[in-house]
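K.L.:
Got a structure for you, model.pdb, holding PDB, C-alpha atoms.
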```pdb
MODEL        1
ATOM      1  CA  MET U   1     -80.933-169.835  27.955
ATOM      2  CA  GLU U   2     -83.524-170.812  25.338
ATOM      3  CA  ARG U   3     -81.926-168.438  22.852
ATOM      4  CA  LYS U   4     -78.451-169.781  23.616
ATOM      5  CA  ASP U   5     -79.642-173.343  22.971
ATOM      6  CA  ASP U   6     -81.142-172.277  19.644
ATOM      7  CA  ILE U   7     -77.804-170.803  18.592
ATOM      8  CA  ILE U   8     -75.941-173.966  19.606
ATOM      9  CA  TYR U   9     -78.251-176.134  17.480
ATOM     10  CA  ILE U  10     -78.157-173.697  14.558
ATOM     11  CA  GLU U  11     -74.368-173.749  14.575
ATOM     12  CA  GLN U  12     -74.422-177.533  14.629
ATOM     13  CA  VAL U  13     -76.733-177.621  11.596
ATOM     14  CA  LEU U  14     -74.503-175.140   9.785
ATOM     15  CA  SER U  15     -71.447-177.227  10.539
ATOM     16  CA  GLY U  16     -73.113-180.176   8.785
ATOM     17  CA  LYS U  17     -74.954-181.965  11.627
ATOM     18  CA  ILE U  18     -78.378-181.948   9.991
ATOM     19  CA  ASN U  19     -79.966-184.010  12.774
ATOM     20  CA  ALA U  20     -79.532-181.073  15.142
ATOM     21  CA  PHE U  21     -82.347-179.418  13.188
ATOM     22  CA  SER U  22     -84.791-181.921  14.743
ATOM     23  CA  TYR U  23     -84.139-180.319  18.151
ATOM     24  CA  ILE U  24     -84.997-176.921  16.680
ATOM     25  CA  VAL U  25     -88.211-178.306  15.157
ATOM     26  CA  ASP U  26     -89.145-180.046  18.406
ATOM     27  CA  ARG U  27     -88.645-176.904  20.461
ATOM     28  CA  HIS U  28     -90.701-174.633  18.231
ATOM     29  CA  LYS U  29     -93.193-176.878  16.402
ATOM     30  CA  ASN U  30     -96.167-176.184  18.697
ATOM     31  CA  ARG U  31     -95.782-172.409  18.496
ATOM     32  CA  ALA U  32     -95.363-172.541  14.722
ATOM     33  CA  TYR U  33     -98.284-174.927  14.302
ATOM     34  CA  ASN U  34    -100.584-172.908  16.580
ATOM     35  CA  LEU U  35     -99.879-169.653  14.750
ATOM     36  CA  ALA U  36    -100.476-171.333  11.380
ATOM     37  CA  PHE U  37    -103.666-172.956  12.652
ATOM     38  CA  ARG U  38    -105.072-169.753  14.120
ATOM     39  CA  ILE U  39    -104.483-167.911  10.845
ATOM     40  CA  CYS U  40    -105.789-170.577   8.461
ATOM     41  CA  GLY U  41    -108.298-172.300  10.805
ATOM     42  CA  ASN U  42    -107.672-175.736   9.381
ATOM     43  CA  HIS U  43    -105.506-178.558  10.794
ATOM     44  CA  GLU U  44    -104.333-179.995   7.460
ATOM     45  CA  GLU U  45    -103.366-176.613   6.067
ATOM     46  CA  ALA U  46    -101.740-175.605   9.360
ATOM     47  CA  GLU U  47     -99.523-178.684   9.242
ATOM     48  CA  GLU U  48     -98.579-177.917   5.657
ATOM     49  CA  ILE U  49     -97.816-174.265   6.486
ATOM     50  CA  ALA U  50     -95.757-175.164   9.565
ATOM     51  CA  GLN U  51     -93.758-177.772   7.595
ATOM     52  CA  ASP U  52     -93.240-175.352   4.753
ATOM     53  CA  SER U  53     -92.056-172.711   7.224
ATOM     54  CA  PHE U  54     -89.505-175.056   8.780
ATOM     55  CA  MET U  55     -88.215-175.884   5.302
ATOM     56  CA  LYS U  56     -87.842-172.161   4.595
ATOM     57  CA  VAL U  57     -86.030-171.751   7.906
ATOM     58  CA  TYR U  58     -83.678-174.612   7.038
ATOM     59  CA  ARG U  59     -82.860-173.140   3.630
ATOM     60  CA  ALA U  60     -82.360-169.641   5.008
ATOM     61  CA  LEU U  61     -80.385-170.732   8.089
ATOM     62  CA  PRO U  62     -76.975-169.596   6.756
ATOM     63  CA  GLY U  63     -78.382-166.072   6.467
ATOM     64  CA  PHE U  64     -79.784-165.998   9.998
ATOM     65  CA  LYS U  65     -78.239-163.255  12.151
ATOM     66  CA  MET U  66     -77.367-164.846  15.447
ATOM     67  CA  LYS U  67     -77.925-161.531  17.232
ATOM     68  CA  SER U  68     -81.703-161.620  16.749
ATOM     69  CA  SER U  69     -84.115-164.074  18.354
ATOM     70  CA  PHE U  70     -84.656-167.302  16.428
ATOM     71  CA  ALA U  71     -88.251-167.555  17.699
ATOM     72  CA  THR U  72     -89.096-164.094  16.331
ATOM     73  CA  TRP U  73     -87.526-164.996  12.995
ATOM     74  CA  LEU U  74     -89.489-168.258  12.855
ATOM     75  CA  TYR U  75     -92.731-166.468  13.775
ATOM     76  CA  ARG U  76     -92.132-164.009  10.946
ATOM     77  CA  ILE U  77     -91.708-166.834   8.440
ATOM     78  CA  VAL U  78     -94.785-168.741   9.698
ATOM     79  CA  TYR U  79     -96.866-165.553   9.792
ATOM     80  CA  ASN U  80     -95.958-164.556   6.227
ATOM     81  CA  THR U  81     -96.369-168.105   4.884
ATOM     82  CA  ALA U  82     -99.782-168.481   6.521
ATOM     83  CA  ILE U  83    -101.012-165.051   5.416
ATOM     84  CA  SER U  84    -100.031-165.619   1.778
ATOM     85  CA  HIS U  85    -101.511-169.145   1.904
ATOM     86  CA  VAL U  86    -104.858-167.848   3.176
ATOM     87  CA  ARG U  87    -104.921-164.942   0.700
ATOM     88  CA  GLY U  88    -104.470-167.370  -2.146
ATOM     89  CA  ARG U  89    -107.527-169.489  -1.344
ATOM     90  CA  LYS U  90    -111.250-169.012  -1.824
ATOM     91  CA  ILE U  91    -113.035-167.025   0.852
ATOM     92  CA  LYS U  92    -115.588-168.973   2.842
ATOM     93  CA  ILE U  93    -118.033-166.747   4.648
ATOM     94  CA  LEU U  94    -119.336-168.215   7.877
ATOM     95  CA  SER U  95    -122.669-167.294   9.380
ATOM     96  CA  LEU U  96    -123.735-167.639  13.009
ATOM     97  CA  GLU U  97    -125.802-170.640  11.981
ATOM     98  CA  ASP U  98    -122.578-172.478  11.225
ATOM     99  CA  PHE U  99    -121.776-172.616  14.898
ATOM    100  CA  PRO U 100    -123.316-175.327  17.116
ATOM    101  CA  ALA U 101    -125.755-174.051  19.716
ATOM    102  CA  ASP U 102    -124.023-175.079  22.927
ATOM    103  CA  ALA U 103    -121.510-177.237  24.751
ATOM    104  CA  THR U 104    -123.731-180.314  24.702
ATOM    105  CA  ASP U 105    -123.091-180.518  20.961
ATOM    106  CA  PHE U 106    -119.438-181.113  21.815
ATOM    107  CA  GLN U 107    -120.145-183.916  24.219
ATOM    108  CA  SER U 108    -119.459-187.458  23.223
ATOM    109  CA  ALA U 109    -118.783-190.721  25.010
ATOM    110  CA  GLY U 110    -115.808-190.642  27.347
ATOM    111  CA  ILE U 111    -115.576-186.845  27.491
ATOM    112  CA  SER U 112    -116.262-185.032  30.754
ATOM    113  CA  GLU U 113    -118.447-181.956  30.969
ATOM    114  CA  GLU U 114    -115.380-179.858  31.699
ATOM    115  CA  GLU U 115    -113.595-181.139  28.588
ATOM    116  CA  ALA U 116    -116.688-180.551  26.506
ATOM    117  CA  ASP U 117    -116.884-176.995  27.794
ATOM    118  CA  ARG U 118    -113.206-176.437  26.928
ATOM    119  CA  ASP U 119    -113.808-177.819  23.426
ATOM    120  CA  TYR U 120    -116.819-175.543  23.080
ATOM    121  CA  ARG U 121    -114.824-172.472  24.094
ATOM    122  CA  ASN U 122    -111.988-173.452  21.784
ATOM    123  CA  SER U 123    -114.381-173.907  18.876
ATOM    124  CA  LEU U 124    -116.077-170.621  19.687
ATOM    125  CA  VAL U 125    -112.720-168.838  19.575
ATOM    126  CA  ASN U 126    -111.849-170.496  16.265
ATOM    127  CA  PHE U 127    -115.233-169.547  14.881
ATOM    128  CA  ALA U 128    -114.789-165.925  15.971
ATOM    129  CA  LEU U 129    -111.260-165.913  14.556
ATOM    130  CA  GLN U 130    -112.565-167.011  11.177
ATOM    131  CA  LYS U 131    -114.878-163.991  11.140
ATOM    132  CA  ILE U 132    -111.990-161.508  11.300
ATOM    133  CA  THR U 133    -109.255-160.885   8.722
ATOM    134  CA  GLU U 134    -106.187-163.145   8.459
ATOM    135  CA  GLU U 135    -103.961-160.290   9.568
ATOM    136  CA  GLU U 136    -106.074-159.724  12.681
ATOM    137  CA  ARG U 137    -106.037-163.473  13.384
ATOM    138  CA  GLY U 138    -102.258-163.444  13.304
ATOM    139  CA  LEU U 139    -102.090-160.479  15.669
ATOM    140  CA  ILE U 140    -104.588-162.030  18.091
ATOM    141  CA  SER U 141    -102.689-165.305  18.089
ATOM    142  CA  LEU U 142     -99.311-163.674  18.682
ATOM    143  CA  TYR U 143    -100.732-161.476  21.429
ATOM    144  CA  TYR U 144    -102.888-163.943  23.337
ATOM    145  CA  TYR U 145    -101.418-167.385  22.719
ATOM    146  CA  ASP U 146     -97.751-166.524  22.381
ATOM    147  CA  GLU U 147     -98.003-163.571  24.756
ATOM    148  CA  LEU U 148     -95.709-161.414  22.660
ATOM    149  CA  SER U 149     -95.398-157.716  23.385
ATOM    150  CA  THR U 150     -96.481-155.167  20.773
ATOM    151  CA  ASP U 151     -92.772-154.530  20.119
ATOM    152  CA  GLU U 152     -92.203-158.200  19.344
ATOM    153  CA  ILE U 153     -95.378-158.413  17.239
ATOM    154  CA  SER U 154     -94.167-155.387  15.309
ATOM    155  CA  GLU U 155     -90.885-157.190  14.616
ATOM    156  CA  VAL U 156     -92.748-160.297  13.399
ATOM    157  CA  THR U 157     -95.362-158.583  11.254
ATOM    158  CA  SER U 158     -93.502-155.423  10.147
ATOM    159  CA  ILE U 159     -96.543-153.402  11.247
ATOM    160  CA  SER U 160     -95.895-150.301  13.347
ATOM    161  CA  LYS U 161     -96.471-150.567  17.091
ATOM    162  CA  SER U 162     -99.246-147.953  17.097
ATOM    163  CA  ASN U 163    -100.979-149.656  14.179
ATOM    164  CA  ILE U 164    -100.810-153.004  15.994
ATOM    165  CA  LYS U 165    -102.556-151.488  19.006
ATOM    166  CA  VAL U 166    -105.346-150.119  16.786
ATOM    167  CA  LYS U 167    -105.725-153.385  14.861
ATOM    168  CA  LEU U 168    -105.704-155.447  18.060
ATOM    169  CA  PHE U 169    -108.363-153.219  19.582
ATOM    170  CA  ARG U 170    -110.611-153.591  16.503
ATOM    171  CA  ALA U 171    -110.044-157.349  16.260
ATOM    172  CA  ARG U 172    -110.788-157.782  19.955
ATOM    173  CA  GLN U 173    -114.002-155.774  19.569
ATOM    174  CA  LYS U 174    -115.136-157.806  16.565
ATOM    175  CA  MET U 175    -114.414-161.074  18.340
ATOM    176  CA  ALA U 176    -116.198-159.944  21.489
ATOM    177  CA  GLU U 177    -119.268-159.064  19.408
ATOM    178  CA  ILE U 178    -119.262-162.444  17.688
ATOM    179  CA  ILE U 179    -118.799-164.305  20.972
ATOM    180  CA  GLU U 180    -121.621-162.275  22.520
ATOM    181  CA  LYS U 181    -123.943-163.056  19.597
ATOM    182  CA  VAL U 182    -123.183-166.775  19.814
ATOM    183  CA  GLU U 183    -123.726-166.748  23.572
ATOM    184  CA  LYS U 184    -127.073-164.949  23.081
ATOM    185  CA  LYS U 185    -128.039-167.485  20.464
ATOM    186  CA  LYS U 186    -127.184-170.207  22.985
ATOM    187  CA  LEU U 187    -129.497-168.604  25.559
ATOM    188  CA  THR U 188    -132.336-168.316  23.008
ATOM    189  CA  TYR U 189    -131.791-171.958  22.114
ATOM    190  CA  HIS U 190    -132.251-172.969  25.752
ATOM    191  CA  GLU U 191    -135.364-170.848  26.328
TER     192      GLU U 191
ATOM    193  CA  MET L   1     -93.920-160.910  26.973
ATOM    194  CA  ASN L   2     -96.893-158.638  26.798
ATOM    195  CA  GLU L   3     -98.491-156.634  29.537
ATOM    196  CA  SER L   4    -101.023-158.397  31.763
ATOM    197  CA  LYS L   5    -104.403-158.658  30.108
ATOM    198  CA  ASN L   6    -107.360-156.732  31.315
ATOM    199  CA  SER L   7    -109.781-158.934  33.228
ATOM    200  CA  ASN L   8    -112.620-157.065  31.477
ATOM    201  CA  ASP L   9    -111.251-158.131  28.114
ATOM    202  CA  PRO L  10    -113.851-160.721  26.998
ATOM    203  CA  VAL L  11    -111.508-162.227  24.443
ATOM    204  CA  SER L  12    -108.809-163.026  26.990
ATOM    205  CA  ASN L  13    -111.328-165.177  28.884
ATOM    206  CA  PHE L  14    -111.552-167.396  25.819
ATOM    207  CA  LEU L  15    -107.944-167.262  24.725
ATOM    208  CA  ASN L  16    -105.032-168.481  26.763
ATOM    209  CA  ARG L  17    -101.766-170.286  26.506
ATOM    210  CA  GLU L  18    -103.249-173.596  27.665
ATOM    211  CA  MET L  19    -105.443-173.668  24.587
ATOM    212  CA  ILE L  20    -102.489-173.703  22.223
ATOM    213  CA  GLU L  21    -102.923-176.143  19.338
ATOM    214  CA  LYS L  22    -100.174-178.749  19.393
ATOM    215  CA  ALA L  23     -98.433-180.017  16.288
ATOM    216  CA  PRO L  24     -99.601-183.511  15.273
ATOM    217  CA  GLU L  25     -97.674-186.660  16.130
ATOM    218  CA  GLY L  26     -94.738-187.322  13.853
ATOM    219  CA  PHE L  27     -94.443-183.697  12.790
ATOM    220  CA  THR L  28     -90.705-183.497  13.504
ATOM    221  CA  SER L  29     -89.922-186.728  11.661
ATOM    222  CA  LYS L  30     -91.927-185.540   8.630
ATOM    223  CA  VAL L  31     -89.920-182.289   8.526
ATOM    224  CA  MET L  32     -86.662-184.202   8.960
ATOM    225  CA  THR L  33     -87.585-186.567   6.095
ATOM    226  CA  MET L  34     -88.194-183.559   3.859
ATOM    227  CA  ILE L  35     -84.880-182.088   4.933
ATOM    228  CA  GLN L  36     -82.933-185.237   4.076
ATOM    229  CA  VAL L  37     -83.752-184.733   0.389
ATOM    230  CA  GLU L  38     -82.831-181.038   0.530
ATOM    231  CA  PRO L  39     -79.318-179.926  -0.304
ATOM    232  CA  ARG L  40     -77.381-179.004   2.816
ATOM    233  CA  PRO L  41     -77.547-175.359   3.793
ATOM    234  CA  ALA L  42     -74.405-173.540   2.724
ATOM    235  CA  GLN L  43     -71.931-173.706   5.563
ATOM    236  CA  ARG L  44     -70.313-170.591   6.857
ATOM    237  CA  SER L  45     -67.128-170.649   4.831
ATOM    238  CA  PRO L  46     -63.784-169.598   6.261
ATOM    239  CA  ALA L  47     -63.309-167.779   2.934
ATOM    240  CA  LYS L  48     -65.147-164.798   4.405
ATOM    241  CA  ARG L  49     -62.596-164.524   7.200
ATOM    242  CA  GLU L  50     -59.755-164.958   4.705
ATOM    243  CA  ARG L  51     -61.200-162.242   2.520
ATOM    244  CA  SER L  52     -61.225-159.824   5.412
ATOM    245  CA  VAL L  53     -57.481-160.401   5.924
ATOM    246  CA  VAL L  54     -56.658-159.206   2.409
ATOM    247  CA  PRO L  55     -56.905-155.460   3.167
ATOM    248  CA  TYR L  56     -54.602-155.908   6.164
ATOM    249  CA  ILE L  57     -52.021-157.667   4.001
ATOM    250  CA  SER L  58     -52.223-154.944   1.382
ATOM    251  CA  ALA L  59     -51.920-152.283   4.097
ATOM    252  CA  GLY L  60     -48.835-154.102   5.434
ATOM    253  CA  VAL L  61     -47.279-154.162   1.976
ATOM    254  CA  ILE L  62     -47.983-150.455   1.563
ATOM    255  CA  ILE L  63     -46.343-149.730   4.944
ATOM    256  CA  LEU L  64     -43.261-151.699   3.899
ATOM    257  CA  LEU L  65     -43.095-149.847   0.612
ATOM    258  CA  THR L  66     -43.476-146.512   2.396
ATOM    259  CA  LEU L  67     -40.738-147.381   4.870
ATOM    260  CA  SER L  68     -38.470-148.498   2.061
ATOM    261  CA  THR L  69     -38.751-145.078   0.480
ATOM    262  CA  PHE L  70     -37.476-143.554   3.729
ATOM    263  CA  ILE L  71     -34.759-146.124   4.294
ATOM    264  CA  LEU L  72     -33.440-146.252   0.778
ATOM    265  CA  PRO L  73     -31.714-143.047  -0.294
ATOM    266  CA  GLY L  74     -32.995-141.451  -3.446
ATOM    267  CA  GLY L  75     -31.272-139.265  -5.960
ATOM    268  CA  ASN L  76     -33.040-136.251  -4.548
ATOM    269  CA  ASP L  77     -30.983-134.284  -2.008
ATOM    270  CA  LEU L  78     -34.085-132.993  -0.248
ATOM    271  CA  ILE L  79     -34.481-136.263   1.625
ATOM    272  CA  LYS L  80     -31.258-137.686   2.951
ATOM    273  CA  PHE L  81     -31.523-140.909   4.855
ATOM    274  CA  PRO L  82     -28.922-141.695   7.463
ATOM    275  CA  LEU L  83     -29.210-145.482   7.706
ATOM    276  CA  PRO L  84     -26.312-146.417   5.374
ATOM    277  CA  ASP L  85     -24.070-143.848   7.128
ATOM    278  CA  ILE L  86     -25.040-145.158  10.557
ATOM    279  CA  MET L  87     -24.274-148.700   9.448
ATOM    280  CA  ARG L  88     -20.882-147.597   8.150
ATOM    281  CA  GLU L  89     -20.075-145.667  11.359
ATOM    282  CA  LEU L  90     -20.941-148.637  13.499
ATOM    283  CA  GLY L  91     -18.684-150.773  11.386
ATOM    284  CA  LEU L  92     -21.530-153.050  10.413
ATOM    285  CA  THR L  93     -21.542-154.323   6.932
ATOM    286  CA  PHE L  94     -23.851-156.582   5.065
ATOM    287  CA  PRO L  95     -21.686-158.875   3.078
ATOM    288  CA  SER L  96     -24.072-159.202   0.213
ATOM    289  CA  PHE L  97     -25.319-155.615   0.107
ATOM    290  CA  ASP L  98     -23.438-152.613  -1.045
ATOM    291  CA  PHE L  99     -25.523-149.649   0.053
ATOM    292  CA  SER L 100     -23.612-147.270  -2.164
ATOM    293  CA  LYS L 101     -25.245-149.009  -5.126
ATOM    294  CA  PHE L 102     -28.645-147.875  -3.912
ATOM    295  CA  ASN L 103     -27.623-144.315  -4.664
ATOM    296  CA  ILE L 104     -28.065-145.227  -8.302
ATOM    297  CA  ILE L 105     -31.781-145.760  -7.672
ATOM    298  CA  SER L 106     -33.593-142.501  -7.793
ATOM    299  CA  LEU L 107     -37.260-142.043  -7.022
ATOM    300  CA  PRO L 108     -39.126-138.870  -7.804
ATOM    301  CA  GLY L 109     -39.736-136.732  -4.752
ATOM    302  CA  TRP L 110     -43.517-137.142  -4.876
ATOM    303  CA  VAL L 111     -43.456-140.967  -4.628
ATOM    304  CA  PRO L 112     -43.308-141.089  -0.799
ATOM    305  CA  TYR L 113     -46.248-138.695  -0.621
ATOM    306  CA  MET L 114     -48.246-140.800  -3.060
ATOM    307  CA  ILE L 115     -47.571-143.996  -1.099
ATOM    308  CA  ALA L 116     -48.426-142.285   2.178
ATOM    309  CA  GLY L 117     -51.664-141.116   0.512
ATOM    310  CA  ILE L 118     -52.487-144.643  -0.608
ATOM    311  CA  LEU L 119     -51.841-145.879   2.921
ATOM    312  CA  ILE L 120     -54.176-143.284   4.411
ATOM    313  CA  LEU L 121     -56.857-144.109   1.831
ATOM    314  CA  SER L 122     -56.588-147.833   2.512
ATOM    315  CA  VAL L 123     -56.997-147.242   6.256
ATOM    316  CA  PHE L 124     -59.969-144.975   5.502
ATOM    317  CA  ASP L 125     -61.435-147.632   3.201
ATOM    318  CA  ARG L 126     -61.023-150.245   5.947
ATOM    319  CA  ALA L 127     -62.788-147.984   8.431
ATOM    320  CA  LEU L 128     -65.686-147.387   6.031
ATOM    321  CA  TYR L 129     -65.949-151.098   5.287
ATOM    322  CA  GLY L 130     -66.168-151.826   9.000
ATOM    323  CA  LEU L 131     -68.818-149.145   9.427
ATOM    324  CA  PHE L 132     -71.122-150.202   6.585
ATOM    325  CA  HIS L 133     -70.721-153.960   6.939
ATOM    326  CA  ARG L 134     -71.142-154.018  10.716
ATOM    327  CA  ARG L 135     -74.616-155.608  10.457
ATOM    328  CA  GLU L 136     -73.343-158.460   8.288
ATOM    329  CA  LYS L 137     -70.676-159.562  10.766
TER     330      LYS L 137
ENDMDL
END
```
Written as structure tokens, how would this file's structure read?
P.N.:
Amino acid sequence: MERKDDIIYIEQVLSGKINAFSYIVDRHKNRAYNLAFRICGNHEEAEEIAQDSFMKVYRALPGFKMKSSFATWLYRIVYNTAISHVRGRKIKILSLEDFPADATDFQSAGISEEEADRDYRNSLVNFALQKITEEERGLISLYYYDELSTDEISEVTSISKSNIKVKLFRARQKMAEIIEKVEKKKLTYHE
Amino acid sequence: MNESKNSNDPVSNFLNREMIEKAPEGFTSKVMTMIQVEPRPAQRSPAKRERSVVPYISAGVIILLTLSTFILPGGNDLIKFPLPDIMRELGLTFPSFDFSKFNIISLPGWVPYMIAGILILSVFDRALYGLFHRREK
């Protein structure tokens, strides 16, 4: 159904109804933005990457093969745009000290403990993501947030299925180690 | 969708769909503003469909030409075509055509074979075109 709707809107855009593109953007903006954000780790850059990707999609729309999934095609464009954007910038190496000690650091007026804990976990994930390579970040995002299968990830990234499994395993291990270290640091902080 | 995540996977406890980062307010309108200044994407032109008709037209013309070589009698006695005789026997006449005049026209014997060859090649070409351009359609 979702795929059918995409095709209807794409055909409308191609027949000259440009405003139909806003429906396409609305439907996919969060997925595109999230993937861009997880790869680059920065809200301003993520917005720029997502916008840039939608512009690329718009320009390349006449060449889109209606037989394939629009979402997969969009993911591929966002993934490649974000990866090349990140590779072109200066590397900032984060240390464990860069991460706040615990959830109380995320608390502010008007925020419940539960919300603060969610913010803490979210920040911890982002921190761990920034400690792995941009390619691994993309794979983790596609696998966990977008819940794509390894087949679909392979289609998006042009990496073989077996290689994706290996890379995902390594990325997961690295992230788990970082999360564990931060959690240990949190315990030491409280002692 | 991917296979269910292992509950022992520490990363999956921190990552889930609910934690997806949402695009900022006004994102769609910003993209649409950028698009307004872009030239329109090239529309799918009917020219492509028209182009694909061309081989069929040429094949049709070749068929007509081939048939004409069988219908029209040539100077060669090897191929004798009965249509003018049949017409005469039935008492049908075309007021403006005198079929006996066509006897003057003589085509070499190999012409029908050449045209039949062209016809076969054009059909073969069409089949190959369909095979190699299947992904583009």
K.L.:
Please evaluate the ChimeraX specification (/L :<8) & /U against the displayed coordinates and give the resulting residues as a PyMOL selection string.
P.N.:
chain U and resi 14-16+18-19+21-22+25-26+29-31+33-34+37+47+51+54-55+58-62+65+121-122+125+143-150+172+175-176
K.L.:
Write out as an MDAnalysis selection string the residues lying within 9 Å of region 117-127 of chain L, counting all atoms listed in the file and excluding same-chain residues fewer than 2 positions away.
P.N.:
chainID L and resid 55:56 58:59 62:63 66 112:115 129:132
K.L.:
Selection in question (the file shown): the PyMOL selection byres ((chain U and resi 42) around 12). Which residues does it include, as a list in words?
P.N.:
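Selection result, ordered by chain and number: Tyr33, Asn34, Leu35, Ala36, Phe37, Arg38, Ile39, Cys40, Gly41, His43, Glu44, Glu45, Ala46, Glu47, Glu48, Ile49, Ala50, Ala82, His85, Val86, Ser123, Asn126, Phe127, Leu129 and Gln130 of chain U; Glu21 of chain L.
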K.L.:
Need to verify the contact set: region 7-9 of chain U, 7 Å, all atoms listed in the file, exclusion of same-chain residues closer than 5 positions in sequence. Can you return it as a ChimeraX atom specification?
P.N.:
/U:20-21,24,66
K.L.:
What is the distance, in Å and to one decimal place, between CA of Ile164 (chain U) and CA of Ile140 (chain U)?
P.N.:
10.0 Å
K.L.:
Rank nothing, just name the residue among U:Asp6, U:Phe70, U:Ile178, U:Tyr79 nearest to Ser141 (chain U), using only C-alpha atoms.
P.N.:
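So, comparing all the options, the nearest one is U:Tyr79.
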